[in-house]
Each structure stands twice: as C-alpha cells, then as structure tokens.
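Take a look at the structure set out below.
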Amino acid sequence: MSSGSAINLLRERARRAADLVAKHEFVRIYTHHDADGISAGAILAKSLLRAGKAFHITFLKGLNEPFEYERGELLVFADMGSGYADLISQVETDVVVLDHHIPNGEIRPKGNIVHVNPHLVGMDGTFELSASGVCYFFANELGRNRDLASLALIGALGDKQKIVGGNEEIFKKGIEAGVVEEKKGVNLPSGKLRDVLVKSLEPYLDFYKKEEELEEFLEKAGLDGDREFDELGEDEIRRLADAVALRLLKMNAYTGIFDQIIGKRIVLKNLLIKNAVMAVDVVNSCGRIGSMSTALAMLLGDVEAMNRAIRIRDEYVVQILEELKKRREEVREGFCIRYLIMENGLSASPVATTLSRYVFTDKPLIVINIKNEHAKVSARTNEALAERVDLAEIMRLAAERVGGRGGGHRVAAGANIAPDKVEEFLKEVDRLCCAMLV
Ligand code: C5P
C-alpha cells in the first residue's frame, strides 16, 4: 500500500477517535514513560486543552502495571495497549488506543473502542510512525494542531525511527507550519564540544574517561573542544562529521546508523530545546529516572522545568556511561545471541540499546536486569539482522514459555520474567534466534 493511502486510513481512524472524545467531558490518559510516550502525552495535553477538555495523565512502565478508571469516562492508552488486547478487553468504559506496537488480537472492551495503530493500516510502526506520531494525527482531527509536529518528531527520534512514511508527513507539516527546520550537520547533543563528545549516547563515541584519546581526536580534526556545538560553522561541522564517521567505523558500530547521524539535523523551532538530539536526550533521561512530569512540563513550555530536566540529563548520562564501561566486559556469547545478566543494574534498556548499536553489532543482544525479585529483559538488534530476526515474537514466545510476558518491535523488544527462569529463557531465546537466522 502506498504511504499516502495508509496515512488516509490512519486519519480515518484518528477521526473516529476524535469523534469519541467529543462525546466525553473528561479523558483519562495512560501513556508510556519513555520519550515517545512523554511526547505523546504532551501532544494529547496540548490538543485536549485547546479543545477545552478536562484530562488527567498518568505515566506507566507498561500494562503489567495496574491502571484505574471510572465508568463513563474516556480512557486513552498512548504508546501501549495494542499488544495487550486481552487486558483492555476487560475495560468497562469507552477506550481509545493510540499505539504503534504490533497488535496482538482484537480489542473488545464493554464500551466503544477506537484503535489507531499504523500496523492496522499497512504502515510500519517500527520505523515509519511512533505513538507520538499517531497522537499527532489524532490531534489534527481534534483541531488545528500542526505546530505539534515538533513534539511528534521527538517521539519518533526517541524510538530510533526514520523520517519516512508517517514521520515524513509529520516532518513536512512541521516545515509548512514553520516549527521544524532541516539543516546540514551532525546529530549530536548541545553543549561544549568536548563535553558533547563524551556525553553523547546517540551516537555513543566511547570517549568517557578516555581524555587523551579525546584530545587527540579534537587535535587531529582541528577542532576547539571549548566551542559550543550548536554554534559551530560549516567548515567545523564538516571536519567533525568526518572525524565522527571514522571513529564509529573504528569502533565497529552498526553502519546503518551513519545516515541518521551524519548529513542532516533537525531543528525544533517552537520548543525550548531546539536541537532535536538534545531534546530527545533530555526527555528520555527524565523518563528513565522517573521524572516524566519534568519532561512533560518542559515540552509544554516551562523554562524552570527545562533547567531541571537538563540537570537530570547530565547526571543520568554519566551514570549510564559508568554502567556501560563496567558492563561491556560482562557480556557473554551464546550461539546466535550475546547476553548480559546484571544484578541490580541501573536499567537494562539503555545498556542494551547502546551496546547493540555501537559495540556488539554482529548478533542480537539480550540484557537482563534482576532487581527486587523481578527480571526485566531488553532485547535489541539492528535493522539488518531484524530482516531475519523478529525480537518482538521471540520475546513473546520465550517469555510465555517461562510464565512471563514479552513483546515490542522487531529491533527492540522486552520481557518481564521471574529471576529463577532466566537461564531457561535465554536458552529459548538463543534457540529461536538461531531458527530465524538460518
Ligand atoms: O523496556 P524496553 O525499552 O527494553 O522495551 C522495548 C520494547 O518492548 C518497548 O516497546 C516495550 O513496550 C516492549 N515491551 C513489551 N512487553 C514487555 C516489555 C517490553 O511489549 N513485557
């Protein structure tokens, strides 16, 4: 199906969701705690405020956490719900699901349901449209909300999506509305260049506690580490781009990311943080430490919240860099996977994302964090391997086998299992990966 007709079908569903909102005075929203979920929350908040609707937003790690509602109110799930049809079917009120995860069965609650998901209209929800993108289409059926395109792009970039399909449409609308701009450059966060190179996780350049290497890198590229990254001139950007590309090649990073890092960069003109990479980084960090409301307030325009959010990001990034330095030595190799088991680690998800894209790129990487008698699994691979391996399916099947639950996307999936099942689970994951890779 062409991306144009898929978008029209998505808009039709979004229209029905907006019609359902019109029948309610109060909307209760549950959204995910990551950058995509928080941006989705910001889009919903702005568009509902403009439509004069009362609402309440709660952030959840996932639908394995409990949620509450009252009969008669409209329940909206953003960035979650599609994979948990059984749970949502038990709901006894009207429901809207604005998600991009792979649907798993039909949702049949007792009230009305509108399910808006790119996968249901022939669009790929892994790369072409995120939950905040779905919320953007919904918001634009609710009213004139084209300026929210910049928020939708934070979600897409946070989920490592591409500016194609639905995202490209949002990008174009953002340019038309004058809130998004594309410039030549390198995608790195804001700050003094020396600090930027050390603290960047996307791309991860592996300069943490490697001061001599960093100074050599700057000297060879003829760059001044004290310059503000966002103020670099064209010539400096060109030299930086070449040096970053070379560094990534030497690190053996997944080459598919080069296009995302070098060439073009996105400026979000109507947000407090205009550098898109930095905005994503800050929102993501707030989500990771459980301070979603700080990120939400920042996205809604609160300057004090932005200052707090930047401090959170600076501290969080250092914690992750420490964790990466320590944990990369502990990664083990199976037949068709690499895996890492952490006891009381910081968090499985960022460790899995960074190591799978920049350090261990040849096999899917499964990171397990055992904390409070609970094992949280994050599975990651790159797009090339994901053509053959479907981690969402593998997480679902392997987790179900050991009495847990899993799902997600082909390239990035997760599971929740019992700690005493970790070994059995990993064996099954390895077996399924091998079966898909042959
Ligand atoms: O937690 P993590 O970032 O590793 O999750 C990756 C993806 O897997 C997310 O899209 C998340 O919603 C999904 N997931 C899931 N079921 C779980 C755990 C994660 O669908 N039990």
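Naming scheme: A, B, ... for chains in displayed order of the structure tokens; residues 1 onward per chain; ligands 1 onward as shown.
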
Surrounding residues of Glu65 (chain A) excluding itself and chain neighbours under 2 positions, 12 Å, only C-alpha atoms, as a list in words: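 Contacts, in chain order: Tyr30, Thr31, His32, His33, Thr58, Phe59, Leu60, Lys61, Gly62, Leu63, Phe67, Glu68, Met80, Tyr84, Leu87 and Asn416 of chain A.
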
Ligand 1: which residues are within 7 Å, counting only C-alpha atoms and all ligand atoms? Reply as a list in words.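 With only C-alpha atoms and all ligand atoms and a cut-off of 7 Å, ligand 1 is contacted by Gly62, Met80, Gly83, His101, Ala348, Ser349, Val377, Ser378, Ala379, Arg405, Gly406, Gly407, Gly408, His409, Ala412, Ala413, Gly414, Ala415 and Asn416 of chain A.
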
Mind dumping a table of every region 101-137 of chain A residue within 12 Å of region 380-392 of chain A, with the nearest atom pair and its distance in Å to one decimal, using only C-alpha atoms, sorted by chain and rising number, as a Markdown table?
```
| residue | atom | partner | partner_atom | distance |
| --- | --- | --- | --- | --- |
| A:His101 | CA | A:Ala392 | CA | 9.4 |
| A:Ile102 | CA | A:Ala392 | CA | 8.3 |
| A:Pro103 | CA | A:Ala392 | CA | 11.1 |
| A:Asn104 | CA | A:Ala392 | CA | 11.0 |
| A:Thr126 | CA | A:Glu383 | CA | 10.2 |
| A:Phe127 | CA | A:Glu383 | CA | 9.7 |
```

Can you pull out the residues contacting Tyr208 (chain A)? Cut-off 10 Å, using only C-alpha atoms, and skip same-chain residues under 3 positions away; I want them as number ranges by chain. A: 195, 197-200, 204-205, 211, 213-214, 318, 321-322, 324-325

Identify, with DSSP run on backbone atoms, the residues in region 191-436 of chain A assigned to strand (DSSP E or B), and express the list as a ChimeraX atom specification. /A:192,201,204,228,262-268,275,332-333,338-343,365-371,374-380,405-408,412-417

Would you list the contacts of region 7-10 of chain A as a VMD selection string, taking every protein, DNA or RNA residue within 9 Å and counting only C-alpha atoms, but skipping same-chain residues closer than 3 positions in sequence? chain A and resid 2 to 4 13 to 15 116 to 118 120 to 123 134 137 to 138 165 to 166 169

Requested write-out: C-alpha atoms of the selected residues, as a PDB file, in the first residue's frame:
```pdb
ATOM      1  CA  SER A   2       1.264   3.499  -0.801  1.00  0.00           C
ATOM      2  CA  SER A   3       2.175   5.582   2.195  1.00  0.00           C
ATOM      3  CA  GLY A   4      -0.441   8.185   1.116  1.00  0.00           C
ATOM      4  CA  ARG A  13      -9.331   6.014  12.487  1.00  0.00           C
ATOM      5  CA  ALA A  14      -7.971   9.168  14.151  1.00  0.00           C
ATOM      6  CA  ARG A  15     -11.167  10.970  13.097  1.00  0.00           C
ATOM      7  CA  VAL A 116      -5.382   3.777  15.960  1.00  0.00           C
ATOM      8  CA  ASN A 117      -2.176   1.994  15.025  1.00  0.00           C
ATOM      9  CA  PRO A 118      -0.030   2.208  11.860  1.00  0.00           C
ATOM     10  CA  LEU A 120      -3.611  -1.752  11.217  1.00  0.00           C
ATOM     11  CA  VAL A 121      -3.478   0.394   8.067  1.00  0.00           C
ATOM     12  CA  GLY A 122      -0.479  -1.175   6.329  1.00  0.00           C
ATOM     13  CA  MET A 123       2.168   1.164   7.742  1.00  0.00           C
ATOM     14  CA  VAL A 134      -0.237   8.593  15.992  1.00  0.00           C
ATOM     15  CA  PHE A 137      -2.685  12.598  13.554  1.00  0.00           C
ATOM     16  CA  PHE A 138      -5.324  12.267  16.265  1.00  0.00           C
ATOM     17  CA  GLY A 165       6.136   7.260   5.793  1.00  0.00           C
ATOM     18  CA  GLY A 166       4.004   8.840   8.500  1.00  0.00           C
ATOM     19  CA  GLU A 169       4.376  13.501   6.504  1.00  0.00           C
TER      20      GLU A 169
END
```

I'd like a table as JSON lines: residues in region 311-330 of chain A with an atom no more than 12 Å from region 292-297 of chain A, each row giving the shortest atom pair and its distance in Å to one decimal, only C-alpha atoms counted, sorted by chain and rising residue number.
```
{"residue": "A:Arg311", "atom": "CA", "partner": "A:Thr294", "partner_atom": "CA", "distance": 11.1}
{"residue": "A:Ile312", "atom": "CA", "partner": "A:Thr294", "partner_atom": "CA", "distance": 9.4}
{"residue": "A:Arg313", "atom": "CA", "partner": "A:Ala295", "partner_atom": "CA", "distance": 10.4}
```

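For the pair CA of Gly125 (chain A) and CA of His100 (chain A), the separation is 4.9 Å.
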
In region 140-389 of chain A, DSSP alpha helix (DSSP H) residues written as a PyMOL selection string: chain A and resi 140-142+149-158+165-176+193-199+211-221+234-251+258-261+276-288+292-299+303-327+348-358+383-386

Spatial neighbours of Cys135 (chain A), max dist 12 Å, only C-alpha atoms, sep filter under 2 positions, as a PyMOL selection string: chain A and resi 10-11+13-15+17-18+29+31+36-48+76-79+96-100+115-118+129-133+137-142+145-146+148-149+151-153+155-156+166-167+170

Can you spit out the residues from that selection as a JSON list (two decimals), in the first residue's frame, using C-alpha atoms?
```json
[["chain", "number", "residue", "atom", "x", "y", "z"],
["A", 10, "LEU", "CA", -4.91, 6.21, 9.70],
["A", 11, "ARG", "CA", -6.57, 9.64, 9.57],
["A", 13, "ARG", "CA", -9.33, 6.01, 12.49],
["A", 14, "ALA", "CA", -7.97, 9.17, 14.15],
["A", 15, "ARG", "CA", -11.17, 10.97, 13.10],
["A", 17, "ALA", "CA", -11.12, 8.68, 17.96],
["A", 18, "ALA", "CA", -11.69, 12.45, 17.88],
["A", 29, "ILE", "CA", -4.82, 9.10, 29.73],
["A", 31, "THR", "CA", 0.98, 6.79, 28.48],
["A", 36, "ASP", "CA", 7.79, 8.60, 22.73],
["A", 37, "GLY", "CA", 5.20, 8.18, 25.49],
["A", 38, "ILE", "CA", 6.04, 11.53, 27.12],
["A", 39, "SER", "CA", 5.86, 13.37, 23.77],
["A", 40, "ALA", "CA", 2.57, 11.58, 23.09],
["A", 41, "GLY", "CA", 1.36, 12.87, 26.48],
["A", 42, "ALA", "CA", 2.44, 16.42, 25.60],
["A", 43, "ILE", "CA", 0.57, 16.28, 22.27],
["A", 44, "LEU", "CA", -2.56, 14.94, 23.95],
["A", 45, "ALA", "CA", -2.35, 17.57, 26.72],
["A", 46, "LYS", "CA", -1.98, 20.47, 24.28],
["A", 47, "SER", "CA", -4.66, 19.32, 21.88],
["A", 48, "LEU", "CA", -7.18, 18.48, 24.63],
["A", 76, "VAL", "CA", -6.96, 6.72, 26.35],
["A", 77, "PHE", "CA", -3.89, 4.50, 26.12],
["A", 78, "ALA", "CA", -0.94, 6.02, 24.31],
["A", 79, "ASP", "CA", 2.18, 4.08, 23.30],
["A", 96, "VAL", "CA", -9.10, 4.90, 22.55],
["A", 97, "VAL", "CA", -5.77, 3.19, 21.86],
["A", 98, "LEU", "CA", -3.12, 5.36, 20.18],
["A", 99, "ASP", "CA", -0.22, 2.98, 19.75],
["A", 100, "HIS", "CA", 2.38, 1.69, 17.32],
["A", 115, "HIS", "CA", -7.84, 1.59, 17.87],
["A", 116, "VAL", "CA", -5.38, 3.78, 15.96],
["A", 117, "ASN", "CA", -2.18, 1.99, 15.02],
["A", 118, "PRO", "CA", -0.03, 2.21, 11.86],
["A", 129, "LEU", "CA", 5.31, 6.15, 12.81],
["A", 130, "SER", "CA", 5.65, 6.25, 16.58],
["A", 131, "ALA", "CA", 2.94, 6.65, 19.23],
["A", 132, "SER", "CA", 3.51, 10.42, 19.39],
["A", 133, "GLY", "CA", 3.09, 10.40, 15.59],
["A", 137, "PHE", "CA", -2.68, 12.60, 13.55],
["A", 138, "PHE", "CA", -5.32, 12.27, 16.27],
["A", 139, "ALA", "CA", -4.67, 15.85, 17.49],
["A", 140, "ASN", "CA", -5.10, 17.16, 13.96],
["A", 141, "GLU", "CA", -8.52, 15.54, 13.69],
["A", 142, "LEU", "CA", -9.45, 17.10, 17.02],
["A", 145, "ASN", "CA", -2.63, 21.35, 15.71],
["A", 146, "ARG", "CA", 0.04, 21.26, 13.02],
["A", 148, "LEU", "CA", 2.66, 19.89, 17.44],
["A", 149, "ALA", "CA", 4.78, 18.24, 14.72],
["A", 151, "LEU", "CA", 6.71, 17.12, 19.63],
["A", 152, "ALA", "CA", 5.85, 14.15, 17.42],
["A", 153, "LEU", "CA", 9.37, 14.14, 15.99],
["A", 155, "GLY", "CA", 8.91, 10.62, 19.93],
["A", 156, "ALA", "CA", 9.95, 9.25, 16.54],
["A", 166, "GLY", "CA", 4.00, 8.84, 8.50],
["A", 167, "ASN", "CA", 7.01, 10.53, 10.11],
["A", 170, "ILE", "CA", 4.64, 14.99, 10.02]]
```

Of A:Phe360, A:Cys433, A:Leu75, A:Leu271, the one nearest to Asp302 (chain A) when counting only C-alpha atoms is A:Leu271

Fewer than 5 positions away in the same chain doesn't count, so skip those; otherwise give me all residues within 9 Å of Lys371 (chain A), counting only C-alpha atoms, as a PyMOL selection string. chain A and resi 342-345+376+419

I need the chosen residues saved as a PDB file, in the first residue's frame, with C-alpha atoms.
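Listed below is the output, out30.pdb:
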```pdb
ATOM      1  CA  MET A 342      23.021  -7.697  35.623  1.00  0.00           C
ATOM      2  CA  GLU A 343      22.172  -7.920  39.312  1.00  0.00           C
ATOM      3  CA  ASN A 344      20.708  -4.601  40.483  1.00  0.00           C
ATOM      4  CA  GLY A 345      21.915  -2.814  37.378  1.00  0.00           C
ATOM      5  CA  LYS A 376      13.458  -7.179  33.256  1.00  0.00           C
ATOM      6  CA  PRO A 419      14.524 -14.420  38.102  1.00  0.00           C
TER       7      PRO A 419
END
```

Show me, as a Markdown table, the residues of region 127-165 of chain A having an atom within 8 Å of region 272-287 of chain A, each with the closest atom pair and its distance in Å, using only C-alpha atoms.
```
| residue | atom | partner | partner_atom | distance |
| --- | --- | --- | --- | --- |
| A:Ile154 | CA | A:Val280 | CA | 5.5 |
| A:Gly155 | CA | A:Val280 | CA | 7.6 |
| A:Leu157 | CA | A:Val280 | CA | 6.9 |
| A:Gly158 | CA | A:Val280 | CA | 5.7 |
```

Got a sec: who's within 7 Å of Phe229 (chain A), counting only C-alpha atoms, leaving out chain neighbours fewer than 4 positions off, as an MDAnalysis selection string? chainID A and resid 190:193

Produce a file of the selected residues containing N, CA and C atoms, as a PDB file, in the first residue's frame.
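Everything below was put into again_15.pdb:
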```
ATOM      1  N   SER A 190      23.568  19.207  22.586  1.00  0.00           N
ATOM      2  CA  SER A 190      24.116  20.558  22.773  1.00  0.00           C
ATOM      3  C   SER A 190      25.162  20.579  23.881  1.00  0.00           C
ATOM      4  N   GLY A 191      25.981  21.637  23.879  1.00  0.00           N
ATOM      5  CA  GLY A 191      26.975  21.830  24.932  1.00  0.00           C
ATOM      6  C   GLY A 191      28.323  22.164  24.336  1.00  0.00           C
ATOM      7  N   LYS A 192      29.345  22.258  25.205  1.00  0.00           N
ATOM      8  CA  LYS A 192      30.713  22.481  24.716  1.00  0.00           C
ATOM      9  C   LYS A 192      31.156  21.208  24.006  1.00  0.00           C
ATOM     10  N   LEU A 193      31.823  21.361  22.874  1.00  0.00           N
ATOM     11  CA  LEU A 193      32.146  20.213  22.023  1.00  0.00           C
ATOM     12  C   LEU A 193      32.809  19.059  22.791  1.00  0.00           C
TER      13      LEU A 193
END
```

What is the CA of Arg410 (chain A)-CA of Gly185 (chain A) distance in Å, reported with one decimal? 29.4 Å

Expressed in Å, the length from CA of Ala435 (chain A) to CA of Thr361 (chain A) is 19.0 Å

From A:Leu240, A:Ile88, A:Leu300, A:Val267, residue lying nearest Val179 (chain A) [only C-alpha atoms]: A:Val267

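The closest residue to Leu426 (chain A), picked from A:Lys220, A:Arg332, A:His119, A:Lys162 and counting only C-alpha atoms, is A:Arg332.
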